[in-house]
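Undergrad: Supplied structure: run.cif, mmCIF, C-alpha atoms.
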data_upload
loop_
_atom_site.label_atom_id
_atom_site.label_comp_id
_atom_site.auth_asym_id
_atom_site.auth_seq_id
_atom_site.Cartn_x
_atom_site.Cartn_y
_atom_site.Cartn_z
CA MET A 1 37.81 -23.53 28.97
CA THR A 2 36.01 -26.83 29.56
CA GLU A 3 32.27 -26.47 30.05
CA THR A 4 31.05 -27.71 33.42
CA VAL A 5 27.90 -29.83 33.30
CA PRO A 6 25.49 -29.21 36.20
CA PRO A 7 24.72 -32.27 38.35
CA THR A 8 21.40 -33.91 37.53
CA SER A 9 20.66 -34.83 41.14
CA VAL A 10 19.16 -31.93 43.08
CA PRO A 11 21.62 -30.37 45.57
CA ASN A 12 20.26 -30.08 49.11
CA ASP A 13 21.58 -26.51 49.38
CA LEU A 14 20.49 -24.93 46.12
CA SER A 15 21.65 -21.39 45.37
CA VAL A 16 19.20 -19.80 42.93
CA LEU A 17 19.52 -16.61 40.89
CA VAL A 18 16.26 -15.15 39.53
CA ILE A 19 16.61 -12.68 36.65
CA GLY A 20 14.15 -9.78 36.50
CA SER A 21 12.59 -7.08 38.65
CA GLY A 22 8.83 -7.39 38.27
CA GLY A 23 5.94 -8.98 40.10
CA ARG A 24 6.47 -12.31 38.35
CA GLU A 25 10.06 -12.48 39.58
CA HIS A 26 9.07 -11.42 43.11
CA ALA A 27 6.44 -14.19 43.23
CA LEU A 28 8.81 -16.80 41.77
CA ALA A 29 11.65 -15.89 44.13
CA ARG A 30 9.26 -15.97 47.10
CA ALA A 31 8.06 -19.48 46.18
CA ILE A 32 11.62 -20.69 45.53
CA ALA A 33 12.76 -19.34 48.90
CA ALA A 34 10.07 -21.47 50.58
CA ASP A 35 11.69 -24.68 49.23
CA PRO A 36 13.63 -26.36 52.08
CA SER A 37 16.35 -27.46 49.64
CA VAL A 38 17.13 -23.83 48.73
CA SER A 39 19.84 -22.22 50.84
CA ALA A 40 20.18 -18.86 49.05
CA VAL A 41 18.05 -16.76 46.71
CA HIS A 42 19.48 -13.93 44.63
CA VAL A 43 17.50 -11.62 42.34
CA ALA A 44 18.96 -9.41 39.63
CA PRO A 45 18.18 -6.58 39.56
CA GLY A 46 15.20 -7.23 41.86
CA ASN A 47 13.12 -4.60 43.63
CA PRO A 48 12.55 -3.39 47.22
CA GLY A 49 10.14 -6.27 47.80
CA THR A 50 12.60 -9.02 46.82
CA ALA A 51 15.25 -7.35 49.00
CA SER A 52 13.20 -8.32 52.07
CA PHE A 53 14.03 -12.04 51.69
CA ALA A 54 16.67 -12.30 48.92
CA THR A 55 19.87 -10.53 47.89
CA ASN A 56 19.48 -8.08 45.00
CA HIS A 57 22.26 -7.51 42.46
CA PRO A 58 22.54 -4.90 39.69
CA VAL A 59 22.80 -6.36 36.19
CA SER A 60 21.73 -5.59 32.62
CA ILE A 61 19.28 -8.46 32.15
CA THR A 62 19.56 -8.46 28.34
CA ASP A 63 23.37 -8.76 28.44
CA PRO A 64 24.01 -12.53 28.25
CA ASP A 65 27.67 -12.29 29.28
CA ALA A 66 26.89 -10.06 32.25
CA VAL A 67 24.20 -12.41 33.55
CA ALA A 68 26.40 -15.48 33.10
CA ALA A 69 29.29 -13.72 34.87
CA LEU A 70 27.06 -12.78 37.81
CA ALA A 71 25.76 -16.34 38.11
CA SER A 72 29.32 -17.68 38.11
CA GLN A 73 30.45 -15.08 40.64
CA LEU A 74 27.60 -16.02 43.00
CA GLY A 75 28.20 -19.74 42.59
CA ALA A 76 24.56 -20.20 41.56
CA ASP A 77 23.35 -23.75 40.99
CA LEU A 78 20.33 -22.56 39.04
CA VAL A 79 19.38 -19.44 37.10
CA VAL A 80 15.68 -18.74 36.51
CA VAL A 81 15.04 -16.21 33.74
CA GLY A 82 11.79 -14.34 34.33
CA PRO A 83 11.10 -11.88 31.48
CA GLU A 84 10.95 -12.57 27.75
CA ALA A 85 13.52 -10.00 26.59
CA PRO A 86 16.54 -11.76 28.18
CA LEU A 87 15.44 -15.07 26.66
CA VAL A 88 15.18 -13.57 23.18
CA ALA A 89 18.60 -11.96 23.77
CA GLY A 90 20.16 -15.37 24.46
CA VAL A 91 20.74 -15.14 28.21
CA ALA A 92 19.83 -18.79 28.84
CA ASP A 93 22.37 -19.92 26.24
CA ALA A 94 25.16 -17.92 27.89
CA VAL A 95 24.31 -19.28 31.34
CA ARG A 96 24.32 -22.87 30.09
CA LYS A 97 27.61 -22.27 28.28
CA ALA A 98 29.04 -21.24 31.65
CA GLY A 99 28.05 -24.68 32.97
CA ILE A 100 25.15 -23.50 35.13
CA ALA A 101 21.67 -25.00 35.02
CA CYS A 102 19.17 -22.54 33.58
CA PHE A 103 15.38 -22.56 33.60
CA GLY A 104 14.55 -20.68 30.43
CA ALA A 105 14.26 -21.18 26.69
CA SER A 106 17.22 -20.87 24.36
CA GLN A 107 17.39 -17.89 22.02
CA GLN A 108 16.17 -20.01 19.11
CA ALA A 109 13.36 -21.64 21.09
CA ALA A 110 12.26 -18.27 22.53
CA LYS A 111 11.22 -17.28 19.01
CA LEU A 112 7.93 -18.96 19.93
CA GLU A 113 7.25 -15.73 21.78
CA GLY A 114 9.60 -13.38 19.95
CA SER A 115 7.87 -13.89 16.60
CA LYS A 116 4.16 -14.49 16.10
CA VAL A 117 4.88 -15.69 12.56
CA PHE A 118 7.36 -18.30 13.78
CA ALA A 119 4.86 -19.52 16.37
CA LYS A 120 2.21 -19.92 13.66
CA GLU A 121 4.65 -21.89 11.50
CA VAL A 122 5.43 -24.25 14.38
CA MET A 123 1.75 -24.72 15.19
CA ALA A 124 0.93 -25.48 11.56
CA ALA A 125 3.72 -28.05 11.35
CA ALA A 126 2.70 -29.63 14.66
CA GLY A 127 -1.01 -29.70 13.89
CA VAL A 128 -1.85 -27.47 16.84
CA PRO A 129 -5.29 -25.81 16.62
CA THR A 130 -5.11 -22.03 16.37
CA ALA A 131 -6.81 -19.06 14.72
CA GLN A 132 -6.57 -18.53 10.98
CA SER A 133 -4.16 -15.66 10.29
CA ARG A 134 -2.37 -13.55 7.71
CA TYR A 135 1.15 -12.09 7.95
CA CYS A 136 1.13 -8.47 6.79
CA THR A 137 3.91 -5.96 6.10
CA THR A 138 2.01 -3.31 4.11
CA PRO A 139 -1.18 -1.27 4.78
CA GLU A 140 -2.77 -2.91 1.74
CA GLU A 141 -2.15 -6.40 3.13
CA VAL A 142 -3.57 -5.36 6.49
CA GLU A 143 -6.72 -3.92 4.90
CA ALA A 144 -7.25 -7.10 2.87
CA ALA A 145 -6.83 -9.31 5.97
CA LEU A 146 -9.20 -7.18 8.05
CA GLU A 147 -11.81 -7.45 5.30
CA GLU A 148 -11.27 -11.21 5.00
CA PHE A 149 -11.79 -11.99 8.70
CA GLY A 150 -14.22 -9.19 9.58
CA ALA A 151 -14.83 -7.67 13.02
CA PRO A 152 -13.85 -7.96 15.80
CA HIS A 153 -10.41 -7.27 14.37
CA VAL A 154 -7.35 -8.91 15.96
CA VAL A 155 -4.01 -7.31 15.08
CA LYS A 156 -0.76 -8.49 16.71
CA ASP A 157 2.69 -6.96 16.53
CA ASP A 158 4.97 -9.69 15.20
CA GLY A 159 7.69 -8.88 17.78
CA LEU A 160 7.88 -8.39 21.54
CA ALA A 161 5.69 -5.60 22.91
CA ALA A 162 5.62 -6.13 26.70
CA GLY A 163 2.08 -7.49 26.64
CA LYS A 164 0.70 -4.45 24.81
CA GLY A 165 1.23 -5.45 21.17
CA VAL A 166 -2.29 -6.76 20.55
CA VAL A 167 -5.38 -4.80 19.57
CA VAL A 168 -8.84 -6.37 19.52
CA THR A 169 -11.40 -3.89 18.23
CA ASP A 170 -14.53 -3.43 16.14
CA ASP A 171 -13.04 -0.16 14.84
CA GLU A 172 -11.22 -0.83 11.56
CA GLN A 173 -9.41 2.51 11.74
CA GLU A 174 -8.02 1.67 15.18
CA ALA A 175 -6.81 -1.68 13.82
CA LEU A 176 -5.12 0.03 10.87
CA GLU A 177 -3.45 2.60 13.11
CA HIS A 178 -2.07 -0.11 15.39
CA ALA A 179 -0.67 -1.99 12.39
CA ALA A 180 0.90 1.21 11.06
CA GLY A 181 2.95 1.48 14.26
CA CYS A 182 4.46 -1.98 13.77
CA GLN A 183 7.01 -3.20 11.23
CA ALA A 184 5.00 -6.37 10.63
CA VAL A 185 1.77 -7.73 12.08
CA VAL A 186 -0.30 -10.87 12.19
CA VAL A 187 -4.01 -10.33 11.53
CA GLU A 188 -6.19 -13.13 12.88
CA GLU A 189 -9.75 -14.31 12.98
CA TYR A 190 -11.43 -13.54 16.29
CA LEU A 191 -11.79 -16.52 18.61
CA LYS A 192 -15.03 -16.44 20.61
CA GLY A 193 -14.94 -18.09 24.02
CA PRO A 194 -13.41 -17.62 27.48
CA GLU A 195 -9.64 -17.20 27.54
CA VAL A 196 -7.40 -19.38 29.69
CA SER A 197 -3.70 -19.29 30.53
CA LEU A 198 -2.13 -22.69 31.01
CA PHE A 199 1.56 -22.92 31.89
CA VAL A 200 3.60 -26.01 31.05
CA ILE A 201 6.92 -26.68 32.78
CA THR A 202 9.16 -28.76 30.53
CA ASP A 203 12.68 -30.10 30.16
CA GLY A 204 12.08 -30.54 26.43
CA GLU A 205 10.70 -34.07 26.73
CA THR A 206 8.63 -34.33 29.90
CA ALA A 207 5.88 -31.73 30.38
CA LEU A 208 3.96 -30.87 33.54
CA ALA A 209 0.84 -28.73 33.22
CA MET A 210 0.17 -26.23 35.98
CA GLN A 211 -3.36 -25.33 37.08
CA PRO A 212 -5.22 -23.17 34.56
CA ALA A 213 -5.56 -19.48 35.35
CA GLN A 214 -7.40 -16.55 33.80
CA ASP A 215 -6.07 -13.03 33.54
CA PHE A 216 -7.71 -9.68 32.76
CA LYS A 217 -6.02 -7.69 30.00
CA ARG A 218 -8.18 -4.57 29.71
CA VAL A 219 -7.34 -1.64 31.95
CA GLY A 220 -10.85 -1.00 33.22
CA ASP A 221 -13.77 -2.79 34.87
CA GLU A 222 -16.07 -4.78 32.57
CA ASP A 223 -13.09 -5.18 30.20
CA GLU A 224 -13.21 -1.56 29.08
CA GLY A 225 -10.23 0.41 27.76
CA PRO A 226 -6.95 -0.58 26.11
CA ASN A 227 -5.00 -3.81 26.57
CA THR A 228 -2.39 -3.96 29.31
CA GLY A 229 0.14 -6.49 30.53
CA GLY A 230 -2.59 -7.77 32.86
CA MET A 231 -4.64 -6.15 35.65
CA GLY A 232 -5.41 -9.27 37.65
CA ALA A 233 -5.81 -13.04 37.59
CA TYR A 234 -7.20 -16.01 39.48
CA SER A 235 -6.76 -19.76 39.75
CA PRO A 236 -8.06 -22.44 39.62
CA LEU A 237 -11.03 -22.03 37.27
CA PRO A 238 -14.14 -23.68 38.74
CA TRP A 239 -15.93 -23.48 35.39
CA ALA A 240 -13.16 -25.02 33.27
CA PRO A 241 -13.46 -28.57 31.90
CA LYS A 242 -11.91 -31.17 34.20
CA ASP A 243 -9.87 -32.60 31.34
CA LEU A 244 -8.44 -29.24 30.26
CA GLN A 245 -4.85 -29.77 31.44
CA GLN A 246 -4.55 -33.18 29.80
CA ARG A 247 -6.12 -31.94 26.58
CA VAL A 248 -3.72 -29.01 26.39
CA LEU A 249 -0.81 -31.37 26.92
CA ASP A 250 -2.06 -33.78 24.25
CA GLU A 251 -3.28 -31.29 21.65
CA VAL A 252 -0.95 -28.33 22.17
CA ALA A 253 2.13 -28.69 24.35
CA LEU A 254 3.47 -32.14 23.49
CA PRO A 255 3.06 -31.72 19.69
CA THR A 256 4.76 -28.31 19.92
CA LEU A 257 7.67 -29.70 21.96
CA ALA A 258 8.05 -32.56 19.46
CA GLU A 259 8.16 -30.09 16.56
CA MET A 260 10.76 -27.97 18.32
CA ARG A 261 12.92 -31.07 18.87
CA ARG A 262 12.48 -32.01 15.22
CA ARG A 263 13.80 -28.58 14.23
CA GLY A 264 16.88 -29.08 16.40
CA THR A 265 15.88 -26.33 18.83
CA PRO A 266 14.32 -28.15 21.80
CA PHE A 267 12.21 -25.97 24.08
CA THR A 268 12.99 -26.12 27.79
CA GLY A 269 11.60 -23.90 30.49
CA LEU A 270 8.05 -22.55 30.65
CA LEU A 271 5.70 -22.85 27.68
CA TYR A 272 2.84 -20.40 28.26
CA CYS A 273 -0.23 -21.52 26.32
CA GLY A 274 -2.71 -18.69 25.87
CA LEU A 275 -5.96 -20.38 24.89
CA ALA A 276 -9.53 -19.70 23.84
CA LEU A 277 -12.15 -22.32 24.69
CA THR A 278 -14.38 -22.04 21.63
CA ASP A 279 -17.44 -23.99 20.52
CA LYS A 280 -15.08 -25.83 18.15
CA GLY A 281 -12.68 -26.82 20.93
CA ILE A 282 -9.35 -25.52 22.24
CA ARG A 283 -7.59 -22.89 20.11
CA VAL A 284 -4.18 -21.36 20.81
CA ILE A 285 -4.20 -17.57 20.91
CA GLU A 286 -0.47 -17.24 21.57
CA PHE A 287 2.61 -18.86 23.01
CA ASN A 288 4.93 -17.18 25.48
CA ALA A 289 8.31 -18.55 26.54
CA ARG A 290 8.09 -17.63 30.22
CA PHE A 291 5.78 -17.42 33.23
CA GLY A 292 2.94 -14.96 32.69
CA ASP A 293 2.32 -11.93 34.83
CA PRO A 294 -0.04 -11.60 36.78
CA GLU A 295 -1.10 -15.28 36.63
CA THR A 296 2.19 -16.36 38.22
CA GLN A 297 1.39 -14.45 41.40
CA ALA A 298 -1.80 -16.50 41.87
CA LEU A 299 -0.23 -19.82 40.88
CA MET A 300 2.75 -19.41 43.20
CA ALA A 301 0.28 -18.89 46.06
CA LEU A 302 -1.20 -22.34 45.39
CA VAL A 303 1.63 -24.63 44.28
CA ASP A 304 2.62 -27.07 47.01
CA SER A 305 5.60 -28.65 45.26
CA PRO A 306 9.15 -27.45 46.09
CA MET A 307 9.71 -24.89 43.32
CA GLY A 308 13.49 -24.87 43.58
CA GLU A 309 13.57 -28.59 42.87
CA VAL A 310 10.90 -28.40 40.16
CA LEU A 311 12.74 -25.74 38.17
CA TYR A 312 16.13 -27.38 38.71
CA ARG A 313 14.84 -30.69 37.37
CA ALA A 314 13.35 -28.95 34.34
CA ALA A 315 16.71 -27.26 33.75
CA THR A 316 18.69 -30.50 34.00
CA GLY A 317 16.48 -32.91 32.04
CA THR A 318 15.22 -34.88 35.05
CA LEU A 319 11.63 -33.64 35.28
CA ALA A 320 10.28 -37.18 34.78
CA GLU A 321 11.68 -38.11 38.21
CA LEU A 322 9.51 -35.50 39.95
CA GLY A 323 6.03 -36.93 39.45
CA GLU A 324 2.97 -34.70 39.34
CA LEU A 325 2.87 -31.17 40.71
CA ARG A 326 1.10 -30.78 44.05
CA TRP A 327 -1.45 -28.02 44.76
CA ARG A 328 -3.13 -26.52 47.79
CA ASP A 329 -6.88 -27.13 47.86
CA GLU A 330 -7.57 -23.40 47.74
CA TYR A 331 -8.14 -20.48 45.37
CA ALA A 332 -6.02 -17.40 44.76
CA VAL A 333 -6.87 -13.99 43.28
CA THR A 334 -4.35 -11.39 42.11
CA VAL A 335 -5.30 -7.70 41.88
CA VAL A 336 -2.81 -5.38 40.16
CA LEU A 337 -2.35 -1.79 41.36
CA ALA A 338 -1.10 0.40 38.52
CA ALA A 339 0.14 3.97 38.42
CA ASP A 340 -2.17 6.67 37.08
CA GLY A 341 -1.71 7.03 33.33
CA TYR A 342 -1.04 3.32 32.69
CA PRO A 343 -1.00 1.74 30.09
CA GLY A 344 0.11 5.08 28.67
CA GLU A 345 2.80 7.13 30.41
CA PRO A 346 2.59 6.14 34.10
CA GLU A 347 2.95 8.67 36.88
CA LYS A 348 6.14 7.78 38.73
CA GLY A 349 7.29 8.82 42.19
CA GLY A 350 3.99 8.41 44.02
CA ARG A 351 4.41 7.47 47.68
CA ILE A 352 3.27 4.00 48.78
CA GLU A 353 2.60 2.65 52.27
CA LEU A 354 1.91 -1.06 52.62
CA PRO A 355 -0.02 -2.96 55.29
CA GLU A 356 1.49 -6.02 56.96
CA ASP A 357 1.24 -9.25 54.98
CA THR A 358 -0.90 -12.06 56.40
CA GLU A 359 -1.34 -15.77 55.69
CA ASP A 360 -4.39 -14.94 53.57
CA ALA A 361 -3.18 -11.85 51.67
CA TRP A 362 0.12 -10.22 50.79
CA THR A 363 1.70 -7.67 48.46
CA ILE A 364 3.99 -8.51 45.57
CA GLN A 365 6.10 -5.59 44.37
CA ALA A 366 6.75 -4.93 40.68
CA GLY A 367 7.32 -1.35 39.50
CA THR A 368 8.65 0.04 42.78
CA ALA A 369 11.77 1.82 44.00
CA LEU A 370 13.09 3.64 47.07
CA ASP A 371 13.47 7.41 46.90
CA ALA A 372 16.38 9.37 48.39
CA LYS A 373 14.75 9.23 51.82
CA GLY A 374 14.14 5.50 51.67
CA ASN A 375 10.41 5.79 51.01
CA LEU A 376 8.70 3.26 48.76
CA VAL A 377 7.52 4.90 45.52
CA ALA A 378 5.99 3.96 42.18
CA ASP A 379 8.56 3.40 39.45
CA GLY A 380 6.62 1.76 36.64
CA GLY A 381 3.22 1.06 35.14
CA ARG A 382 2.05 -1.99 37.04
CA VAL A 383 3.40 -1.17 40.48
CA LEU A 384 2.01 -3.76 42.92
CA ALA A 385 0.06 -7.01 42.88
CA VAL A 386 -2.03 -8.08 45.84
CA VAL A 387 -2.63 -11.81 46.27
CA GLY A 388 -5.55 -13.15 48.29
CA ARG A 389 -5.98 -16.84 49.10
CA GLY A 390 -9.01 -18.69 50.45
CA LYS A 391 -11.16 -21.80 50.50
CA ASP A 392 -13.23 -20.52 47.56
CA LEU A 393 -13.14 -17.65 45.07
CA ARG A 394 -15.39 -15.39 47.14
CA THR A 395 -13.08 -15.74 50.13
CA ALA A 396 -9.95 -15.24 48.06
CA ARG A 397 -11.43 -12.15 46.38
CA GLY A 398 -12.43 -10.73 49.73
CA ALA A 399 -8.93 -11.22 51.12
CA ALA A 400 -7.31 -9.62 48.06
CA TYR A 401 -9.57 -6.57 47.94
CA THR A 402 -9.46 -6.01 51.69
CA HIS A 403 -5.65 -5.99 51.53
CA ALA A 404 -5.65 -3.76 48.43
CA GLY A 405 -7.96 -1.31 50.23
CA ALA A 406 -5.45 -1.04 53.08
CA ILE A 407 -2.65 0.10 50.74
CA ASP A 408 -2.00 3.84 50.76
CA PHE A 409 -1.19 4.64 47.11
CA PRO A 410 -2.94 7.91 46.12
CA THR A 411 -1.54 7.94 42.57
CA GLY A 412 -2.53 4.36 41.84
CA PHE A 413 -5.66 2.53 40.72
CA HIS A 414 -6.97 -1.00 40.24
CA ARG A 415 -9.90 -2.90 38.78
CA TYR A 416 -12.71 -3.91 41.10
CA ASP A 417 -14.07 -6.89 39.16
CA ILE A 418 -11.21 -9.38 39.07
CA ALA A 419 -12.69 -12.93 39.25
CA GLU A 420 -16.12 -11.46 40.07
CA LYS A 421 -18.08 -13.31 37.39
CA ALA A 422 -16.36 -16.60 38.17
CA ALA A 423 -17.10 -16.15 41.87
CA VAL A 424 -20.82 -15.81 41.15
CA GLU A 425 -20.79 -18.46 38.39
CA GLN A 426 -21.60 -16.12 35.51
CA ILE A 427 -18.95 -17.25 33.02
CA GLU A 428 -20.35 -18.80 29.86
CA ASN A 429 -18.20 -21.65 28.59
CA SER A 430 -19.10 -22.91 25.12
CA TYR A 431 -16.34 -25.52 25.20
CA SER A 432 -17.56 -29.03 26.00
CA GLU A 433 -15.62 -31.92 27.50
CA GLU A 434 -17.32 -34.18 24.97
CA GLN A 435 -15.72 -32.33 22.03
CA GLN A 436 -13.11 -34.33 20.19
#
Rewrite the structure from the file as structure tokens, please.

TA:
Amino acid sequence: MTETVPPTSVPNDLSVLVIGSGGREHALARAIAADPSVSAVHVAPGNPGTASFATNHPVSITDPDAVAALASQLGADLVVVGPEAPLVAGVADAVRKAGIACFGASQQAAKLEGSKVFAKEVMAAAGVPTAQSRYCTTPEEVEAALEEFGAPHVVKDDGLAAGKGVVVTDDEQEALEHAAGCQAVVVEEYLKGPEVSLFVITDGETALAMQPAQDFKRVGDEDEGPNTGGMGAYSPLPWAPKDLQQRVLDEVALPTLAEMRRRGTPFTGLLYCGLALTDKGIRVIEFNARFGDPETQALMALVDSPMGEVLYRAATGTLAELGELRWRDEYAVTVVLAADGYPGEPEKGGRIELPEDTEDAWTIQAGTALDAKGNLVADGGRVLAVVGRGKDLRTARGAAYTHAGAIDFPTGFHRYDIAEKAAVEQIENSYSEEQQ
């Protein structure tokens, strides 16, 4: 069978298939559907929220052949892969082999997220600033690395862990226990400074930096409790250096993309740069190979460029023709509502009643389902994400928390301090724009 090459000019009636079922995919599909050039949006498997504006389809998202077959059956012009697991499984490769444009990293390139060790090797070769680290496979190696770097201890599962593979703790025993539950870990020095998420859309050559965002990993207010996949986020960051996006492109993204090309495994799709702004400058905490959740929910509320076209151009090597991304002159805050028990075993089946969405605040569904009577219920850990938008952070926070307070979800909870310090200008930033 001859492989069909997708057209590089953007069709004016794009049919887009988004792979995944979480809040990130709901937010992406919602933004794509708002693009005038998009005629149809499909989500697989999707959730009750995506079903309100797109067509959901059952599929095993880590089965490359099944995803490619669905895309072909639907006549999709573009496939957007949301989660990391399908990328590491090679879904993007199978879709491209079927002759369909795909926004998502190849299986080999997705190792930037799939293996912390591989990411460190790439950063070292590319000269990208990051934390000192040690790769450990035995308890003795872990103990030696913890002693070398001292507390706070940073221990990362080498493989995928759904956003919960990292422990940062002053308790050496807790660090050792986390490492014992992993086949291999990376132990790192602790990076002191505010953390920033900066997403880079790329076709492998051209790279466009999105606005920086900040997420909140700990389950409880004041950053108490265990790490989660993210309990909230906001963008833009009023306290961040004005040159941050360009510096990340110059010091992190472009050198990494060049190194991936040199290795014969060019990276296309979304390069998620998790950063610490330290007193020594920018340092990379981690790379991900896809949009982050819950930052995506805030960013999609602010982007003013046609997302169907943006992602199609990235998937077909024509991103340079787009120009810069456009943004609304506003702020957005995302507040995650999780099921009781999360990030441990979440309580599923809890009834949910949602208020009407408005221009200023709306609900993104993630871990939801419909019960036998058609009622909306919790079906995961992070169940909902509320997005508030406004002229400043205080207004956006107010919109988000007012909307969250109107949700009837007795078996759910959320943090109350998302973006609070930024809104009252209490974030200390040791990074300086004058640093070279």

Undergrad: Once the PyMOL selection byres ((chain A and resi 224-239) around 9) has been evaluated on this model, what residues remain selected, and can you format them as a VMD selection string?

TA: chain A and resid 162 to 168 196 211 to 223 240 to 242 293 to 299 302 330 to 338 342 to 343 382 385 to 386 393 397 414 to 415 418 to 419 422 to 423 425 427 to 429

Undergrad: Within 8 Å of A:Ala101, counting only C-alpha atoms, which residues qualify if same-chain residues fewer than 6 places away don't, as a list in words?

TA: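 Near neighbours after the sequence-gap exclusion: Pro6, Asp77, Leu78, Val79, Val95, Tyr312, Ala315 and Thr316 of chain A.
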
Undergrad: Up to 8 Å from (-2.7, -8.6, 9.0) in the file's coordinates: name the residues, counting all atoms listed in the file, as a PyMOL selection string.

TA: chain A and resi 133-137+141-146+155-156+179+185-188

Undergrad: Residues within 12 Å of (-12.3, 1.2, 11.1), file coordinates, counting all atoms listed in the file: what are they? Give the list as a PyMOL selection string.

TA: chain A and resi 142-143+146-147+150-153+168-178

Undergrad: If the PyMOL selection byres ((chain A and resi 192) around 9) were run on this exact file, what residues would it hold? Put them as a list in words.

TA: Tyr190, Leu191, Gly193, Pro194, Glu195, Ala276, Leu277, Thr278, Asp279 and Ser430 of chain A

Undergrad: Between A:Leu17, A:Ile61, A:Leu275, A:Ala119, which one has atoms that come closest to A:Gln73, using all atoms listed in the file?

TA: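 Counting all atoms listed in the file, the residue closest to A:Gln73 is A:Leu17.
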
Undergrad: The PyMOL selection byres ((chain A and resi 81-92) around 10) - which residues does that actually catch in the file I just gave you? List them as a PyMOL selection string.

TA: chain A and resi 17-26+28-29+44+60-68+78-80+93-98+100-115+160-162+269-270+288-293

Undergrad: I'd like the interatomic distance between atom CA of A:Glu309 and atom CA of A:Val10, to a tenth of an Å.

TA: 6.5 Å

Undergrad: Please, what distance in Å, to one decimal, runs between atom CA of A:Arg351 and atom CA of A:Glu420?

TA: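 Value for the atom CA of A:Arg351-atom CA of A:Glu420 distance: 28.9 Å.
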
Undergrad: Could you check how far atom CA of A:Leu14 sits from atom CA of A:Met210, in Å to one decimal?

TA: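 If I compute the distance from atom CA of A:Leu14 to atom CA of A:Met210, I get 22.7 Å.
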
Undergrad: Could you tell me which of A:Gly317, A:Pro410, A:Pro139, A:Gly274 comes closest to A:Val200 if we count all atoms listed in the file?

TA: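 With all atoms listed in the file as the atom set, the closest residue is A:Gly274.
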
Undergrad: Kindly indicate which residue among A:Gly344, A:Asp157, A:Pro48, A:Trp327 lies nearest to A:Gly374, using only C-alpha atoms for the distances.

TA: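 Closest to A:Gly374, using only C-alpha atoms: A:Pro48.
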
Undergrad: Please identify all polymer residues within 12 Å of A:Ala406, counting only C-alpha atoms, omitting same-chain residues fewer than 6 positions from it, and present them as a ChimeraX atom specification.

TA: /A:352-357,361-363,386,399-400

Undergrad: Around all the atoms of stretch 265-276 of chain A listed in the file, draw an axis-aligned box and extend it by 5 Å on each of the six sides; I want its centre and edge lengths in Å to one decimal, as AutoDock Vina command-line options.

TA:
--center_x 3.2 --center_y -23.4 --center_z 24.7 --size_x 35.4 --size_y 19.5 --size_z 21.8

Undergrad: Would you pick out the contacts of stretch 125-128 of chain A at 8 Å or less, using all atoms listed in the file, so that residues sharing its chain but fewer than 2 positions from it are not included, and give the list as a count of residues only?

TA: 11

Undergrad: Considering all atoms listed in the file, can you say which of A:Gly341, A:Gly99, A:Gly323, A:Gly405 comes closest to A:Ala207?

TA: A:Gly323

Undergrad: Take stretch 55-65 of chain A, bring it up to N, CA and C atoms, and give me the output as a PDB file, in the coordinates of the input.

TA:
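Just written: selection.pdb:
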ATOM      1  N   THR A  55      18.818 -11.521  48.112  1.00  0.00           N
ATOM      2  CA  THR A  55      19.870 -10.530  47.890  1.00  0.00           C
ATOM      3  C   THR A  55      19.745 -10.005  46.469  1.00  0.00           C
ATOM      4  N   ASN A  56      19.572  -8.694  46.318  1.00  0.00           N
ATOM      5  CA  ASN A  56      19.480  -8.080  45.000  1.00  0.00           C
ATOM      6  C   ASN A  56      20.863  -7.744  44.451  1.00  0.00           C
ATOM      7  N   HIS A  57      20.992  -7.823  43.114  1.00  0.00           N
ATOM      8  CA  HIS A  57      22.260  -7.510  42.460  1.00  0.00           C
ATOM      9  C   HIS A  57      21.979  -6.710  41.197  1.00  0.00           C
ATOM     10  N   PRO A  58      22.729  -5.637  40.942  1.00  0.00           N
ATOM     11  CA  PRO A  58      22.540  -4.900  39.690  1.00  0.00           C
ATOM     12  C   PRO A  58      23.074  -5.706  38.512  1.00  0.00           C
ATOM     13  N   VAL A  59      22.336  -5.698  37.407  1.00  0.00           N
ATOM     14  CA  VAL A  59      22.800  -6.360  36.190  1.00  0.00           C
ATOM     15  C   VAL A  59      21.936  -5.880  35.025  1.00  0.00           C
ATOM     16  N   SER A  60      22.506  -5.854  33.837  1.00  0.00           N
ATOM     17  CA  SER A  60      21.730  -5.590  32.620  1.00  0.00           C
ATOM     18  C   SER A  60      21.162  -6.927  32.170  1.00  0.00           C
ATOM     19  N   ILE A  61      19.845  -7.123  32.329  1.00  0.00           N
ATOM     20  CA  ILE A  61      19.280  -8.460  32.150  1.00  0.00           C
ATOM     21  C   ILE A  61      19.277  -8.929  30.701  1.00  0.00           C
ATOM     22  N   THR A  62      19.497  -8.037  29.743  1.00  0.00           N
ATOM     23  CA  THR A  62      19.560  -8.460  28.340  1.00  0.00           C
ATOM     24  C   THR A  62      20.995  -8.599  27.849  1.00  0.00           C
ATOM     25  N   ASP A  63      21.959  -8.554  28.773  1.00  0.00           N
ATOM     26  CA  ASP A  63      23.370  -8.760  28.440  1.00  0.00           C
ATOM     27  C   ASP A  63      23.737 -10.189  28.848  1.00  0.00           C
ATOM     28  N   PRO A  64      23.766 -11.130  27.899  1.00  0.00           N
ATOM     29  CA  PRO A  64      24.010 -12.530  28.250  1.00  0.00           C
ATOM     30  C   PRO A  64      25.305 -12.746  29.024  1.00  0.00           C
ATOM     31  N   ASP A  65      26.386 -12.098  28.606  1.00  0.00           N
ATOM     32  CA  ASP A  65      27.670 -12.290  29.280  1.00  0.00           C
ATOM     33  C   ASP A  65      27.639 -11.777  30.709  1.00  0.00           C
TER      34      ASP A  65
END
